[in-house]
Every structure is written in C-alpha cells, then in structure tokens.
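Participant: What follows is work.csv; its format and atoms are CSV, C-alpha atoms and all ligand atoms.
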chain,number,residue,atom,x,y,z
A,437,LEU,CA,2.2,8.6,-16.4
A,438,PHE,CA,-0.8,6.9,-14.9
A,439,SER,CA,-2.5,6.9,-18.2
A,440,GLY,CA,0.6,5.6,-20.1
A,441,PRO,CA,1.9,2.1,-20.2
A,442,ILE,CA,1.9,0.1,-16.9
A,443,ASP,CA,3.1,-3.5,-17.1
A,444,PHE,CA,3.2,-6.3,-14.6
A,445,LEU,CA,6.9,-7.1,-14.2
A,446,LYS,CA,7.1,-10.0,-11.7
A,447,SER,CA,6.2,-11.6,-8.5
A,448,ALA,CA,9.1,-11.9,-6.0
A,449,PRO,CA,8.5,-14.5,-3.3
A,450,GLN,CA,12.0,-13.9,-1.9
A,451,LEU,CA,14.4,-11.1,-1.8
A,452,GLN,CA,16.8,-12.6,-4.3
A,453,HIS,CA,14.0,-12.3,-6.8
A,454,LEU,CA,13.7,-8.6,-6.5
A,455,PRO,CA,14.4,-6.6,-9.7
A,456,ASP,CA,17.6,-4.6,-9.9
A,457,PRO,CA,17.1,-1.4,-7.9
A,458,THR,CA,17.4,0.9,-10.9
A,459,VAL,CA,14.3,3.1,-10.4
A,460,PRO,CA,12.3,4.5,-7.5
A,461,GLU,CA,9.7,2.1,-5.9
A,462,ILE,CA,6.4,3.0,-4.1
A,463,ALA,CA,4.9,0.2,-2.0
A,464,PHE,CA,1.3,-0.5,-1.1
A,465,ALA,CA,0.7,-2.3,2.2
A,466,GLY,CA,-2.5,-3.1,4.1
A,467,ARG,CA,-4.6,-5.7,5.9
A,468,SER,CA,-6.2,-8.3,3.7
A,469,ASN,CA,-9.4,-7.0,2.2
A,470,VAL,CA,-8.6,-3.4,2.9
A,471,GLY,CA,-9.1,-2.7,-0.8
A,472,LYS,CA,-5.4,-2.7,-1.9
A,473,SER,CA,-5.9,-4.3,-5.3
A,474,SER,CA,-8.9,-2.1,-6.0
A,475,LEU,CA,-6.9,1.0,-5.1
A,476,ILE,CA,-3.9,-0.1,-7.3
A,477,ASN,CA,-6.3,-0.7,-10.2
A,478,ALA,CA,-8.1,2.6,-9.6
A,479,VAL,CA,-5.0,4.7,-9.2
A,480,THR,CA,-3.5,3.2,-12.4
A,481,ASN,CA,-6.9,3.4,-14.3
A,482,ARG,CA,-6.7,-0.4,-14.9
A,483,ASN,CA,-9.3,-3.0,-14.3
A,484,LYS,CA,-7.3,-6.0,-13.6
A,485,LEU,CA,-3.7,-5.0,-13.0
A,486,ALA,CA,-3.6,-6.1,-9.4
A,487,ARG,CA,-5.6,-9.2,-8.4
A,488,ALA,CA,-7.3,-9.7,-5.1
A,489,SER,CA,-5.3,-12.7,-4.2
A,490,ASN,CA,-4.6,-12.4,-0.6
A,491,THR,CA,-6.1,-15.6,0.7
A,492,PRO,CA,-4.4,-17.2,3.7
A,493,GLY,CA,-2.0,-20.0,2.7
A,494,ARG,CA,-1.2,-18.4,-0.7
A,495,THR,CA,2.4,-17.8,-1.5
A,496,GLN,CA,3.4,-14.4,-0.1
A,497,GLU,CA,5.0,-12.3,-2.8
A,498,LEU,CA,5.9,-8.8,-3.7
A,499,ASN,CA,4.2,-8.0,-7.0
A,500,TYR,CA,6.0,-5.5,-9.2
A,501,PHE,CA,4.5,-3.2,-11.8
A,502,ASP,CA,6.5,-1.0,-14.1
A,503,VAL,CA,5.2,2.5,-14.6
A,504,GLY,CA,6.4,3.9,-18.0
A,505,ARG,CA,8.0,2.0,-20.8
A,506,ASP,CA,11.1,3.4,-22.6
A,507,PRO,CA,11.7,5.0,-20.3
A,508,LEU,CA,10.7,3.1,-17.3
A,509,VAL,CA,10.0,5.7,-14.6
A,510,PHE,CA,9.2,4.0,-11.4
A,511,ARG,CA,7.7,0.8,-9.9
A,512,LEU,CA,4.7,0.1,-7.8
A,513,VAL,CA,5.1,-2.7,-5.4
A,514,ASP,CA,2.0,-4.6,-4.1
A,515,MET,CA,3.1,-6.0,-0.8
A,516,PRO,CA,1.4,-9.2,0.6
A,517,GLY,CA,-1.6,-8.4,2.8
A,518,TYR,CA,-1.4,-9.0,6.5
A,519,GLY,CA,-3.6,-9.5,9.5
A,520,PHE,CA,-5.6,-12.6,8.6
A,521,ALA,CA,-7.5,-13.7,11.6
A,522,GLU,CA,-6.6,-17.3,11.1
A,523,ALA,CA,-3.1,-17.0,9.6
A,524,PRO,CA,-0.7,-19.7,11.0
A,525,LYS,CA,2.1,-18.4,13.1
A,526,ASP,CA,4.9,-19.4,10.8
A,527,MET,CA,3.2,-17.6,7.9
A,528,VAL,CA,3.0,-14.4,10.0
A,529,LYS,CA,6.7,-14.9,10.8
A,530,ARG,CA,7.6,-15.4,7.2
A,531,TRP,CA,5.7,-12.3,6.3
A,532,ARG,CA,7.6,-10.3,8.9
A,533,PHE,CA,11.0,-11.5,7.7
A,534,LEU,CA,10.3,-10.8,4.1
A,535,ILE,CA,8.9,-7.4,4.7
A,536,ASN,CA,11.5,-6.4,7.3
A,537,ASP,CA,14.3,-7.4,5.0
A,538,TYR,CA,12.7,-5.6,2.0
A,539,LEU,CA,12.1,-2.4,3.9
A,540,ARG,CA,15.6,-2.3,5.5
A,541,GLY,CA,17.6,-3.1,2.4
A,542,ARG,CA,15.8,-1.2,-0.3
A,543,GLN,CA,17.3,2.2,-1.0
A,544,VAL,CA,15.1,2.8,-4.0
A,545,LEU,CA,11.9,2.4,-1.9
A,546,LYS,CA,10.9,6.1,-1.8
A,547,ARG,CA,7.6,5.8,0.1
A,548,ALA,CA,5.1,3.3,1.4
A,549,LEU,CA,1.3,3.7,1.4
A,550,VAL,CA,-0.3,2.0,4.4
A,551,LEU,CA,-3.9,1.4,3.6
A,552,ILE,CA,-6.5,1.7,6.4
A,553,ASP,CA,-10.2,0.8,6.0
A,554,ALA,CA,-12.1,4.0,6.7
A,555,ARG,CA,-14.8,2.0,8.5
A,556,HIS,CA,-12.4,0.3,10.9
A,557,GLY,CA,-9.6,2.7,11.5
A,558,LEU,CA,-6.1,1.7,12.8
A,559,LYS,CA,-5.6,-1.8,14.2
A,560,ASP,CA,-2.7,-3.1,16.1
A,561,VAL,CA,-1.4,-4.9,13.1
A,562,ASP,CA,-1.3,-1.6,11.3
A,563,ARG,CA,0.6,-0.1,14.2
A,564,ASP,CA,3.1,-3.0,13.9
A,565,VAL,CA,3.7,-2.2,10.2
A,566,MET,CA,4.0,1.5,11.0
A,567,LYS,CA,6.7,0.6,13.6
A,568,MET,CA,8.5,-1.5,11.0
A,569,LEU,CA,8.5,1.4,8.6
A,570,ASP,CA,9.6,3.9,11.3
A,571,ASP,CA,12.5,1.5,12.3
A,572,ALA,CA,13.5,1.1,8.6
A,573,ALA,CA,13.2,4.9,8.1
A,574,VAL,CA,10.9,4.5,5.1
A,575,SER,CA,8.5,7.4,4.9
A,576,TYR,CA,4.8,6.5,4.5
A,577,HIS,CA,1.4,8.0,4.0
A,578,LEU,CA,-1.6,6.6,5.8
A,579,VAL,CA,-4.3,6.1,3.1
A,580,LEU,CA,-7.9,5.6,4.1
A,581,THR,CA,-9.8,3.3,1.7
A,582,LYS,CA,-13.5,2.8,1.1
A,583,ALA,CA,-14.2,6.4,2.2
A,584,ASP,CA,-17.6,6.2,0.3
A,585,LYS,CA,-18.7,3.7,3.0
A,586,VAL,CA,-18.7,6.2,5.8
A,587,LYS,CA,-20.5,9.5,6.5
A,588,PRO,CA,-18.4,12.7,6.1
A,589,THR,CA,-18.7,13.5,9.8
A,590,GLU,CA,-17.5,10.0,10.7
A,591,LEU,CA,-14.6,10.3,8.1
A,592,ASP,CA,-13.5,13.5,9.7
A,593,LYS,CA,-13.4,11.9,13.1
A,594,THR,CA,-11.4,9.0,11.9
A,595,LEU,CA,-9.0,11.3,10.1
A,596,GLU,CA,-8.5,13.3,13.3
A,597,ILE,CA,-7.7,10.2,15.3
A,598,ILE,CA,-5.3,8.9,12.6
A,599,ARG,CA,-3.6,12.3,12.3
A,600,ALA,CA,-3.0,12.3,16.0
A,601,GLU,CA,-1.6,8.8,15.9
A,602,ALA,CA,0.6,9.6,12.8
A,603,ALA,CA,2.1,12.5,14.7
A,604,LYS,CA,3.6,10.0,17.1
A,605,HIS,CA,5.4,8.0,14.3
A,606,PRO,CA,8.6,9.5,13.0
A,607,ALA,CA,8.3,8.2,9.5
A,608,ALA,CA,4.6,8.9,9.0
A,609,HIS,CA,3.9,11.7,6.6
A,610,PRO,CA,1.4,14.3,8.0
A,611,LEU,CA,-0.7,14.1,4.9
A,612,ILE,CA,-3.4,11.5,5.4
A,613,LEU,CA,-5.2,10.6,2.2
A,614,PRO,CA,-8.9,9.5,2.2
A,615,THR,CA,-9.7,7.6,-1.0
A,616,SER,CA,-12.5,5.6,-2.6
A,617,SER,CA,-11.8,3.2,-5.5
A,618,GLU,CA,-15.5,3.2,-6.0
A,619,THR,CA,-16.1,6.9,-6.5
A,620,GLY,CA,-12.6,8.0,-7.4
A,621,ALA,CA,-12.4,10.4,-4.5
A,622,GLY,CA,-8.9,11.2,-3.4
A,623,LEU,CA,-7.2,9.5,-6.4
A,624,PRO,CA,-5.8,12.7,-7.9
A,625,GLU,CA,-4.2,13.5,-4.5
A,626,LEU,CA,-2.8,10.0,-4.2
A,627,ARG,CA,-1.3,10.2,-7.7
A,628,THR,CA,0.2,13.5,-6.8
A,629,ALA,CA,1.7,12.1,-3.5
A,630,ILE,CA,3.2,9.2,-5.4
A,631,LEU,CA,4.8,11.4,-8.1
A,632,GLU,CA,6.2,13.7,-5.5
A,633,ALA,CA,7.8,10.8,-3.7
A,634,VAL,CA,9.2,9.5,-7.0
A,635,LEU,CA,10.7,12.8,-8.0
A,636,GLN,CA,12.1,13.8,-4.6
B,701,LIG,P1,-7.5,-6.5,-1.0
B,701,LIG,O1,-7.6,-7.8,-0.4
B,701,LIG,O2,-6.9,-5.5,0.0
B,701,LIG,O3,-6.8,-6.5,-2.3
B,701,LIG,O4,-8.9,-5.9,-1.2
B,701,LIG,P2,-9.8,-5.8,-2.6
B,701,LIG,O5,-9.3,-4.7,-3.4
B,701,LIG,O6,-10.0,-7.1,-3.2
B,701,LIG,O7,-11.2,-5.3,-1.9
B,701,LIG,C1,-11.9,-6.0,-0.9
B,701,LIG,C2,-13.4,-5.7,-1.0
B,701,LIG,O8,-13.7,-4.4,-0.7
B,701,LIG,C3,-13.9,-6.0,-2.4
B,701,LIG,O9,-15.2,-6.6,-2.2
B,701,LIG,C4,-14.0,-4.6,-3.0
B,701,LIG,O10,-15.0,-4.5,-4.0
B,701,LIG,C5,-14.3,-3.8,-1.8
B,701,LIG,N1,-13.8,-2.4,-2.0
B,701,LIG,C6,-12.5,-2.1,-2.3
B,701,LIG,N2,-12.4,-0.7,-2.4
B,701,LIG,C7,-13.6,-0.2,-2.2
B,701,LIG,C8,-14.1,1.2,-2.2
B,701,LIG,O11,-13.3,2.1,-2.3
B,701,LIG,N3,-15.4,1.3,-1.9
B,701,LIG,C9,-16.2,0.3,-1.6
B,701,LIG,N4,-17.5,0.5,-1.4
B,701,LIG,N5,-15.8,-1.0,-1.7
B,701,LIG,C10,-14.5,-1.3,-2.0
Have the structure of the file written as structure tokens, please.
Ligand code: GDP

Facilitator:
Amino acid sequence: LFSGPIDFLKSAPQLQHLPDPTVPEIAFAGRSNVGKSSLINAVTNRNKLARASNTPGRTQELNYFDVGRDPLVFRLVDMPGYGFAEAPKDMVKRWRFLINDYLRGRQVLKRALVLIDARHGLKDVDRDVMKMLDDAAVSYHLVLTKADKVKPTELDKTLEIIRAEAAKHPAAHPLILPTSSETGAGLPELRTAILEAVLQ
C-alpha cells in the first residue's frame, strides 16, 4: 500500500471541510519541527508529499492524504504542529478547539501517532495532547523521531522514561516506536502499526 498510489486530497481548516468519513484515518501529531513532514514522506516513500509548513501564523489545517486509489483504503491526516514558543494565545486556543472537536467527533480515526523528538523527550505540550487523546478515547502510539541523532544508550533511556509515562495514559499504546526518516530505522515497524490500526 505504501508503495502504491498516495494522493494529497485536501486541506481542512475547519471541521465542515473534513472529507466524508468513509474510510479509516490515521493522524500524525507533534510539536513543530519534530520531523512530522519528514516522517510522513519517509513512511510513504515520497519526497514531497507533506510539506514542512508549520510556521507560526500560518493557517492551521488538517491535511489529508488518500492511501490507495480504486479502492481508496485509508487516509493519513497531517495535524497542525503545536508548541511554538511564540504562538499567540488565540492561535493556541484555535488549535485546541479544532483538534478537540476533530478527535472527539471522528469515529473513523483509528489511531494517532504522537511524534516526540528523541533528543528532547516528552514535553508538557505533548502531555497535553496525550490527555486530549485519552479523553477522546483515541488510541495512540508515541513515535520517537530523529533516532539517528542520539546514541543507542541514550535512546534506550528515553524509551524507558517514555514507556513508564505511556503506562499512565489510558489510550497510549504500549508499543513505542523509535524512527529515523534519515536512516529509515523503524519505518517498517511504523508501517505495520499503521496497517494494524487500519485493519482492526
Ligand atoms: P515538521 O515541522 O515537524 O514537519 O518537521 P520537518 O519534517 O520539517 O523536520 C524538521 C527538521 O528536522 C528538518 O531540518 C529535517 O531535516 C530534520 N529531520 C527530520 N527528521 C529527521 C531525522 O529522522 N533525522 C535527522 N537527523 N533529522 C531529521
């Protein structure tokens, strides 16, 4: 599926622009600069499917990608990045409303992937998003990005900390996925996790 057709469908700045909920959706979330667009491109074997576009002040949208064409099998959803140091308060508020409404009302949303920079670990904004997912009962994987940037021993330590934290969150999946868009590490496991969530 990941080597077959994958098409950009649309950007949805508001909930009324969401596509009809006809197929499963898998959403990618993470702080700005976490490596979200790189990971979407790497996991789909594309160069420029997702654009690094998360500059403060830019319209916040859910970007939709169709995986499979005749038949369409599922959709990837690129959620707007969060946690800009200098984001204006009303922008953060708008983000929360959009995401909360999306998470709570979307039956076809089968899983979220919460991306965490392997060098920085979990931040409070990430915990906020995990809480939103817990409250909306949307199951999610924590996915470490840029694993190539840290030493294996450091990665193991971070994984242990994150695993312990995930255990305290009801909707967090116990499988934590370390990845690198640079080296391709962890991508097969991530694809498998996505397909499992789609087919469940
Ligand atoms: P986004 O804002 O979350 O979409 O982040 P981007 O995908 O644009 O990545 C932010 C920066 O991190 C860019 O300079 C990327 O080249 C870099 N980056 C992303 N993924 C990786 C990775 O797996 N390894 C390394 N070394 N750098 C990465």

Participant: Fewer than 5 positions away in the same chain doesn't count, so skip those; otherwise give me all residues within 10 Å of A:Leu595, counting all atoms listed in the file, as a list of chain:residue names.

Facilitator: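 Within the cut-off, the hits are A:Ala554, A:Gly557, A:Leu578, A:Val579, A:Leu580, A:Thr589, A:Glu590, A:Ala600, A:Glu601, A:Ile612, A:Leu613, A:Pro614.
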
Participant: Counting all atoms listed in the file, which residues of chain A fall within 9 Å of ligand LIG 701 (chain B), and what is the closest atom pair for each with its distance in Å at one decimal, ordered by chain and rising number, as a tab-separated table?

Facilitator:
residue	atom	partner	partner_atom	distance
A:Ala465	CA	B:LIG701	O2	8.5
A:Gly466	CA	B:LIG701	O2	6.5
A:Arg467	CA	B:LIG701	O2	6.3
A:Ser468	CA	B:LIG701	O1	4.4
A:Asn469	CA	B:LIG701	O1	3.3
A:Val470	CA	B:LIG701	O2	4.0
A:Gly471	CA	B:LIG701	O4	3.2
A:Lys472	CA	B:LIG701	O2	3.7
A:Ser473	CA	B:LIG701	O3	3.8
A:Ser474	CA	B:LIG701	O5	3.7
A:Leu475	CA	B:LIG701	N2	6.4
A:Ile476	CA	B:LIG701	O5	8.1
A:Asn477	CA	B:LIG701	O5	8.4
A:Ala478	CA	B:LIG701	O11	9.0
A:Ala486	CA	B:LIG701	O3	7.8
A:Arg487	CA	B:LIG701	O3	6.8
A:Ala488	CA	B:LIG701	O6	4.2
A:Ser489	CA	B:LIG701	O1	6.6
A:Asn490	CA	B:LIG701	O1	5.5
A:Thr491	CA	B:LIG701	O1	8.0
A:Gly517	CA	B:LIG701	O2	6.7
A:Leu551	CA	B:LIG701	O2	8.3
A:Asp553	CA	B:LIG701	N2	8.8
A:Thr581	CA	B:LIG701	O11	5.4
A:Lys582	CA	B:LIG701	O11	3.5
A:Ala583	CA	B:LIG701	O11	6.3
A:Asp584	CA	B:LIG701	N3	5.8
A:Lys585	CA	B:LIG701	N4	5.6
A:Thr615	CA	B:LIG701	O11	6.7
A:Ser616	CA	B:LIG701	O11	3.6
A:Ser617	CA	B:LIG701	O11	3.7
A:Glu618	CA	B:LIG701	O11	4.4
A:Thr619	CA	B:LIG701	O11	7.0
A:Gly620	CA	B:LIG701	O11	7.8
A:Ala621	CA	B:LIG701	O11	8.6

Participant: Calculate how many Å separate atom CA of A:Asn499 from atom CA of A:Ala629, rounding to one decimal.

Facilitator: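 Between these atoms lies a distance of 20.6 Å.
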
Participant: Restricting the calculation to all atoms listed in the file, which member of A:Asp514, A:Arg530, A:Ile462, A:Asp537 is positioned closest to A:Tyr576?

Facilitator: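 Selected residue with least distance to A:Tyr576: A:Ile462.
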
Participant: Give me, please, the distance in Å between atom CA of A:Pro507 and atom CA of A:His609, quoted to one decimal.

Facilitator: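 Pair atom CA of A:Pro507 / atom CA of A:His609 returns 28.8 Å.
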
Participant: Check the smallest atom-to-atom distance from each of A:Arg547, A:Arg555, A:Lys604, A:Arg599 to A:Leu512 using only C-alpha atoms, then report the winner.

Facilitator: A:Arg547

Participant: Output as lines of an AutoDock Vina configuration file the centre and edge lengths (Å, one decimal) of the box along x, y and z of the file that holds every listed atom of stretch 528-543 of chain A after adding 3 Å on each side.

Facilitator:
center_x = 10.3
center_y = -6.6
center_z = 4.9
size_x = 20.6
size_y = 23.6
size_z = 17.8

Participant: For A:Phe520, which residue out of A:Leu623, A:Val561, A:Ala463, A:Glu596 is the nearest one, using only C-alpha atoms?

Facilitator: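 Using only C-alpha atoms, the shortest distance to A:Phe520 belongs to A:Val561.
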
Participant: Please return, as an MDAnalysis selection string, all polymer residues that have at least one atom within 10 Å of the point (12.3, -0.1, 6.3); use all atoms listed in the file and the file's own coordinate frame.

Facilitator: chainID A and resid 535:543 545 547:548 565:575 607

Participant: What does the distance from atom CA of A:Arg627 to atom CA of A:Asp564 come to in Å, to one decimal?

Facilitator: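 We find that atom CA of A:Arg627 and atom CA of A:Asp564 lie 25.7 Å from each other.
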
Participant: Show which residues sit within 6 Å of stretch 439-456 of chain A, as a PyMOL selection string. Count all atoms listed in the file, and ignore same-chain residues fewer than 4 positions away.

Facilitator: chain A and resi 497-504

Participant: Restricting the calculation to all atoms listed in the file, which member of A:Phe510, A:Leu626, A:Leu558, A:Arg563 is positioned closest to A:Lys546?

Facilitator: A:Phe510
